[in-house]
Every structure is written in structure tokens, then in C-alpha cells.
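For reference, coords-v2.txt is printed below; it contains compact mmCIF, C-alpha atoms.
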# COMPACT_ATOMS: atom_id res chain seq x y z
CA MET A 8 106.62 101.22 97.70
CA LEU A 9 104.84 98.64 99.77
CA PHE A 10 102.37 99.56 102.50
CA LEU A 11 100.75 97.45 105.19
CA LEU A 12 97.25 98.60 106.17
CA ARG A 13 95.64 97.46 109.41
CA CYS A 14 91.85 97.45 109.21
CA THR A 15 89.62 98.70 111.99
CA GLU A 16 87.97 95.78 113.75
CA ARG A 17 85.30 95.96 116.40
CA GLY A 18 85.33 92.90 118.61
CA LYS A 19 84.17 89.63 117.16
CA GLU A 20 82.54 90.70 113.94
CA PRO A 21 81.12 88.05 111.65
CA GLN A 22 83.47 87.08 108.82
CA ALA A 23 81.15 88.56 106.19
CA SER A 24 81.34 91.94 107.93
CA LYS A 25 85.14 91.85 107.91
CA SER A 26 85.18 90.89 104.22
CA LYS A 27 82.83 93.74 103.37
CA LEU A 28 85.04 96.27 105.20
CA ARG A 29 88.15 94.93 103.46
CA ASN A 30 86.44 95.02 100.06
CA ASP A 31 85.12 98.56 100.68
CA ILE A 32 88.64 99.72 101.57
CA ALA A 33 90.03 98.07 98.43
CA ASP A 34 87.33 99.66 96.24
CA ARG A 35 87.98 103.15 97.64
CA LEU A 36 91.72 102.64 97.30
CA ARG A 37 91.38 101.53 93.66
CA ALA A 38 89.29 104.64 92.96
CA ALA A 39 91.91 106.93 94.54
CA VAL A 40 95.01 105.08 93.29
CA PRO A 41 94.08 103.04 90.18
CA GLU A 42 97.62 101.74 89.68
CA ALA A 43 97.78 100.16 93.15
CA ARG A 44 98.30 96.42 93.41
CA ILE A 45 96.29 95.17 96.40
CA SER A 46 96.53 91.86 98.26
CA PHE A 47 95.00 90.59 101.48
CA ASP A 48 95.91 88.61 104.57
CA VAL A 49 94.01 88.08 107.83
CA GLY A 50 93.27 91.56 109.20
CA ARG A 51 95.73 93.17 106.78
CA VAL A 52 95.74 94.77 103.36
CA TYR A 53 98.97 95.13 101.38
CA VAL A 54 99.28 97.88 98.78
CA GLU A 55 102.13 98.06 96.28
CA VAL A 56 102.60 101.25 94.25
CA GLU A 57 105.37 103.16 92.50
CA ARG A 58 104.83 106.40 94.46
CA ASP A 59 104.20 107.62 98.00
CA ILE A 60 100.46 107.42 98.73
CA THR A 61 100.47 108.23 102.44
CA ALA A 62 98.03 111.14 101.93
CA GLU A 63 95.53 108.87 100.17
CA LEU A 64 95.91 106.14 102.79
CA GLY A 65 95.37 108.63 105.61
CA ARG A 66 91.94 109.46 104.20
CA LEU A 67 90.67 105.87 103.95
CA HIS A 68 87.80 105.12 106.32
CA GLY A 69 88.21 101.74 108.01
CA VAL A 70 92.01 101.82 108.10
CA ASN A 71 93.23 101.87 111.68
CA SER A 72 96.88 102.46 110.75
CA PHE A 73 99.35 101.89 107.94
CA SER A 74 103.10 101.55 107.57
CA PRO A 75 105.59 101.43 104.74
CA CYS A 76 107.18 97.99 104.67
CA SER A 77 109.42 95.75 102.62
CA VAL A 78 109.67 92.07 101.85
CA CYS A 79 112.62 89.80 102.61
CA ASP A 80 113.32 86.17 103.41
CA VAL A 81 113.59 85.25 107.08
CA ASP A 82 117.19 84.15 106.49
CA ALA A 83 118.04 87.64 105.19
CA LEU A 84 116.16 89.53 107.90
CA ASP A 85 119.22 90.66 109.90
CA ALA A 86 121.01 92.06 106.85
CA HIS A 87 117.81 93.66 105.58
CA VAL A 88 117.15 95.46 108.89
CA VAL A 89 120.75 96.70 109.07
CA ALA A 90 120.56 98.02 105.49
CA LEU A 91 117.29 99.84 106.23
CA ALA A 92 118.71 101.34 109.41
CA ARG A 93 121.87 102.50 107.62
CA ALA A 94 119.80 104.13 104.90
CA LYS A 95 117.79 106.08 107.49
CA LEU A 96 120.45 106.82 110.11
CA VAL A 97 123.71 107.39 108.22
CA PRO A 98 124.00 110.65 106.28
CA PRO A 99 124.58 110.13 102.54
CA GLY A 100 128.24 110.03 101.55
CA LEU A 101 129.56 108.52 104.79

As C-alpha cells, please, write out the structure in this file.
Amino acid sequence: MLFLLRCTERGKEPQASKSKLRNDIADRLRAAVPEARISFDVGRVYVEVERDITAELGRLHGVNSFSPCSVCDVDALDAHVVALARAKLVPPGL
């Protein structure tokens, strides 16, 4: 599973402050879910794991929100979205 975490930001914090928050979140996440693979982007933390960790993510201080997500190429986006929708909206066996 892949999760996108959105970090809490308060206005125009200095970059060092944002890095500290992101690193603190990553440290607490590694302590709670040692097998997690963590990567960063501007204002975002990506967490890849083999199991559902929504309970652990919900307890992380400094995380404003999180969502399960998936990766695809832009060219495949339409087909990817349709496949995800079918998996969620169509009962199995139809």
C-alpha cells in the first residue's frame, strides 16, 4: 500500500522548521512501522508498506491528513482511474 501524508504547516515557517517536522514524523513512523519505506516531496511524505497502517498514521502528530494512493504514468491515468473505480464500485463477480 502507498500512502500520501500531508504535513501540518503554519504559515511561512522557515525551511529548517519544516525539515525538522518532516524528520520528526519520519522518525515516529519508523518507530511505529519499521518496515515502512518513506520518501519526501515538498509538503508531502510518501509511505509504502505491505499492510494497512491507517491506525498508526492517524496517531502521528504533525500529519494534517493522509490518503491511500497509487502510482501510474500520466498517459495511463484514465485507464488507471477507471480500474480503481470499477474495483470499488462494481460488486465482485459482475

Worksheet item: Can you tell me, as a PyMOL selection string, which residues sit within 7 Å of (95.7, 101.5, 107.7) in the file's frame, using all atoms listed in the file?
Response: chain A and resi 11-14+64+70-73

Suppose we keep C-alpha atoms; can you now write the selection as a PDB file, keeping the file's coordinate frame?
ATOM      1  CA  LEU A  11     100.750  97.450 105.190  1.00  0.00           C
ATOM      2  CA  LEU A  12      97.250  98.600 106.170  1.00  0.00           C
ATOM      3  CA  ARG A  13      95.640  97.460 109.410  1.00  0.00           C
ATOM      4  CA  CYS A  14      91.850  97.450 109.210  1.00  0.00           C
ATOM      5  CA  LEU A  64      95.910 106.140 102.790  1.00  0.00           C
ATOM      6  CA  VAL A  70      92.010 101.820 108.100  1.00  0.00           C
ATOM      7  CA  ASN A  71      93.230 101.870 111.680  1.00  0.00           C
ATOM      8  CA  SER A  72      96.880 102.460 110.750  1.00  0.00           C
ATOM      9  CA  PHE A  73      99.350 101.890 107.940  1.00  0.00           C
TER      10      PHE A  73
END

Worksheet item: Between A:Val89, A:Ala83, A:Val78, A:Ala94, which one has atoms that come closest to Phe10 in chain A, using all atoms listed in the file?
Response: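 Looking at the shortest contact to Phe10 in chain A, the residue is A:Val78.
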
Item to complete: Name the residues within 12 Å of (88.2, 102.5, 96.7), counting only C-alpha atoms in the file's coordinates, and put them as a list in words.
Response: Leu28, Arg29, Asn30, Asp31, Ile32, Ala33, Asp34, Arg35, Leu36, Arg37, Ala38, Ala39, Val40, Pro41, Glu42, Ala43, Ile45, Glu63, Leu64, Arg66, Leu67, His68 and Gly69 of chain A

Worksheet entry | Atomic separation - CA of Ser46 in chain A relative to CA of Lys95 in chain A, Å |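 Going from CA of Lys95 in chain A over to CA of Ser46 in chain A covers 27.2 Å.
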
Discussion item. One number please: CA of Thr61 in chain A to CA of Phe47 in chain A, in Å, one decimal.
Written reply: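 Pair CA of Thr61 in chain A / CA of Phe47 in chain A returns 18.5 Å.
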
Go ahead and fit an axis-aligned box to every listed atom of range 45-53 of chain A plus 3 Å each side, and pass me the centre and edge lengths in Å, one decimal, as lines of an AutoDock Vina configuration file.
center_x = 96.1
center_y = 91.6
center_z = 102.8
size_x = 11.7
size_y = 13.1
size_z = 18.8

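The spacing separating CA of Thr15 in chain A from CA of Gly50 in chain A amounts to 8.5 Å.
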
Practice prompt. Between A:Val54, A:Val49, A:Val97, A:Cys79, single out the one closest to Met8 in chain A, counting only C-alpha atoms.
Written response: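 For Met8 in chain A, the nearest of the given residues is A:Val54.
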
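For the choices A:Asp48, A:Ser74, A:Ser26, A:Ala90, the atom-to-atom distance to Ile60 in chain A is smallest for A:Ser74 when using all atoms listed in the file.
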